[in-house]
Amino acid sequence: MEERNLCGNKGNMKEFFVLLQRREIGGDIQLKKEREFTMRIYKAETYEEMSKKAANMIFAQMILKPDCVLGLATGSSPVGIYDRLVEWYQTGDLDFSQVTTVNLDEYRGLAPDNDQSYRYFMNSHLFDRVNIDKSRTFVPDGLAENAEEECKRYDALIQSMGGVDLQLLGIGHNGHIGFNEPGDVFEKGTHCVALQKSTIEANKRFFASAEEVPEYAYTMGIGTIMQAKKILLIVSGKEKASIVKEAFLGPVTPAVPASILQMHRDVTLVGDKDALSEIEG
Ligand code: F6R
C-alpha cells in the first residue's frame with residue numbers, strides 16, 4: 001500500500017483530529033462515538049433517478065447562492081448529473097453565470113486538450129454546454145512542471161475563494177475520494193499521489209490500455225474536502241456496495257479514505273439501490 005507523496009504535506013491522524021476539533025478544517029465535528037450519525041441517505045431505484053436527485057441538490061445550492069463555489073468530480077458517476085444540469089440550463093431554469101467551480105483532481109502529465117484529462121471531461125460534459133465563465137472553472141494543471149508548487153497554488157486558490165459551498169464526490173472501489181488513496185494517514189492539502197494498481201485498473205477503461213493511464217495525479221486533500229460546507233456523495237452499482245458499507249458503517253480510518261466523511265456535519269449520500277444494498281437497515 002505504498003503511497004508516494006511529492007508535496008510533503010502529510011499530516012498524522014492525531015494532528016488531523018486536533019485540527020477538526022479546533023474547527024480549522026471542519027465545523028461542528030465530534031468524534032464518531034460522541035455524535036449521532038446524521039448522514040442523510042437517499043436511495044434511488046436507478047442511476048437516472050440517483051442523478052436527478054443529486055442534480056436537484058446542486059440546483060437548490062445554485063438557487064440559494066447564485067455565486068456559489070461548487071466542488072466537482074469526474075468519472076462515470078456524475079455524468080448523469082451534468083446532463084440534468086445542462087437540461088435545466090437549456091430550459092432556462094439554471095444560470096451558471098456567477099458560479100465558480102473547483103475540481104477534485106487531474107492526472108499529472110495530461111494536457112487540457114487530451115481527451116482523457118479531467119479538464120477535457122469537465123469541458124465536454126458541463127462547461128462547454130452551459131453559460132459558465134470558463135475563467136472561473138478550476139482544475140489542477142496536469143502540465144505544471146513543479147508538482148509541489150502546483151499543489152500550493154491550488155490550495156491557495158481554494159482558500160482565496162473562501163472554500164467550497166457544495167462538494168460533489170464519487171467513491172472508488174478502494175474507498176478513495178478524489179485521488180486520496182488508502183494509506184496510513186489522511187492527507188490534508190492538495191498533493192500529487194502515485195495511483196494504486198486497483199485505481200489504474202478501474203480507470204483503464206477510459207484509455208487504450210492500462211499502460212497509458214498516468215501513474216501520478218493531483219488531488220485535493222482530505223482536509224480541503226472536509227472543509228466544504230456541504231458534501232454530496234453519489235454512488236451507483238452493486239460492485240460499490242461493500243465499500244459503501246465499509247466507509248459509512250465501519251471505523252474511520254485512512255485505510256478507507258471516504259470513512260472520514262462520517263465526521264462531516266453535512267453529508268448527503270445519494271445512491272442507487274444496488275450500491276446501498278449492504279447498508280439498508
Ligand atoms: C474523480 C474522482 C474519483 C471518482 C471515483 C469513482 O474526479 O474524484 O474519486 O469519483 O474514482 O469513479 P466512478 O464514478 O468512475 O466510479
# chains A, B, ... in the order shown; residues from 1 in each chain; ligands from 1
call {"tool": "residues_near_ligand", "arguments": {"ligand": "ligand 1", "cutoff": "9 Å", "atoms": "only C-alpha atoms and all ligand atoms", "output": "ChimeraX atom specification"}}
result
/A:72-79,103-106,118,168-181,199,202-203,219-220,233-237,240
call {"tool": "residues_around", "arguments": {"residues": "Phe127 in chain A", "least_positions_apart": "4", "cutoff": "10 Å", "atoms": "only C-alpha atoms", "output": "ChimeraX atom specification"}}
result
/A:82,86,96,101,119-123,131-134,137
call {"tool": "write_last_selection", "arguments": {"atoms": "C-alpha atoms", "output": "CSV table (one decimal), in the first residue's frame"}}
result
chain,number,residue,atom,x,y,z
A,82,TYR,CA,-24.1,17.0,-15.5
A,86,VAL,CA,-27.3,21.1,-18.8
A,96,PHE,CA,-24.2,29.4,-14.3
A,101,THR,CA,-16.1,25.6,-9.8
A,119,ARG,CA,-10.2,19.3,-17.7
A,120,TYR,CA,-11.3,17.9,-21.1
A,121,PHE,CA,-14.0,15.8,-19.3
A,122,MET,CA,-15.4,18.8,-17.5
A,123,ASN,CA,-15.4,21.0,-20.6
A,131,ASN,CA,-23.1,29.7,-19.6
A,132,ILE,CA,-20.3,29.4,-17.1
A,133,ASP,CA,-17.4,31.8,-17.2
A,134,LYS,CA,-14.5,29.3,-18.1
A,137,THR,CA,-13.6,26.9,-13.6
call {"tool": "select_by_dssp", "arguments": {"residues": "range 80-219 of chain A", "states": "strand (DSSP E or B)", "output": "list in words"}}
result
Thr100, Thr101, Val102, Asn103, Asp105, Glu106, Tyr107, Thr137, Phe138, Leu166, Gln167, Leu168, Leu169, Ile177, Asn180, Glu187, His191, Cys192, Val193, Ala194, Tyr216, Ala217, Tyr218 and Thr219 of chain A
call {"tool": "write_last_selection", "arguments": {"atoms": "C-alpha atoms", "output": "JSON list (two decimals), in the first residue's frame"}}
result
[["chain", "number", "residue", "atom", "x", "y", "z"],
["A", 100, "THR", "CA", -17.19, 29.19, -9.62],
["A", 101, "THR", "CA", -16.08, 25.56, -9.82],
["A", 102, "VAL", "CA", -13.07, 23.74, -8.50],
["A", 103, "ASN", "CA", -12.37, 20.15, -9.45],
["A", 105, "ASP", "CA", -8.29, 16.09, -9.29],
["A", 106, "GLU", "CA", -6.32, 15.82, -12.51],
["A", 107, "TYR", "CA", -3.85, 13.35, -13.97],
["A", 137, "THR", "CA", -13.56, 26.91, -13.59],
["A", 138, "PHE", "CA", -10.51, 25.40, -11.94],
["A", 166, "LEU", "CA", -21.02, 22.11, -2.07],
["A", 167, "GLN", "CA", -18.57, 19.34, -2.88],
["A", 168, "LEU", "CA", -19.67, 16.57, -5.19],
["A", 169, "LEU", "CA", -17.84, 13.27, -4.64],
["A", 177, "ILE", "CA", -12.30, 10.13, -2.68],
["A", 180, "ASN", "CA", -6.87, 10.20, -1.93],
["A", 187, "GLU", "CA", -3.57, 13.94, 3.59],
["A", 191, "HIS", "CA", -0.93, 16.60, -3.15],
["A", 192, "CYS", "CA", 0.48, 14.60, -6.02],
["A", 193, "VAL", "CA", -0.07, 10.92, -5.50],
["A", 194, "ALA", "CA", 1.07, 7.68, -7.11],
["A", 216, "TYR", "CA", 0.51, 10.18, -10.85],
["A", 217, "ALA", "CA", -2.37, 12.51, -10.21],
["A", 218, "TYR", "CA", -3.04, 15.71, -8.33],
["A", 219, "THR", "CA", -5.83, 15.61, -5.83]]
call {"tool": "residues_around", "arguments": {"residues": "Met57 in chain A", "least_positions_apart": "3", "cutoff": "12 Å", "atoms": "only C-alpha atoms", "output": "list in words"}}
result
Tyr42, Met50, Ser51, Lys52, Lys53, Ala54, Ala60, Gln61, Met62, Ile63, Leu64, Leu70, Ile81, Arg84, Leu85, Asp165, Leu166, Gln167, Leu168, Lys230, Ile231, Leu232, Leu233, Ile234, Val267, Thr268, Leu269 and Val270 of chain A
call {"tool": "closest_residue", "arguments": {"among": "A:Ala208, A:Asp266, A:Gly162, A:Gly223", "to": "Asp115 in chain A", "atoms": "only C-alpha atoms"}}
result
A:Ala208
call {"tool": "select_by_dssp", "arguments": {"residues": "range 53-187 of chain A", "states": "alpha helix (DSSP H)", "output": "ChimeraX atom specification"}}
result
/A:53-64,79-90,118-125,147-160
call {"tool": "atom_distance", "arguments": {"atom1": "CA of Ile279 in chain A", "atom2": "CA of Val185 in chain A"}}
result
25.8 Å
call {"tool": "atom_distance", "arguments": {"atom1": "CA of Gln90 in chain A", "atom2": "CA of Asp128 in chain A"}}
result
12.5 Å
call {"tool": "atom_distance", "arguments": {"atom1": "CA of Gly221 in chain A", "atom2": "CA of Cys151 in chain A"}}
result
9.7 Å
call {"tool": "closest_residue", "arguments": {"among": "A:Ile225, A:Val139, A:Val213, A:Val256", "to": "Lys188 in chain A", "atoms": "only C-alpha atoms"}}
result
A:Ile225
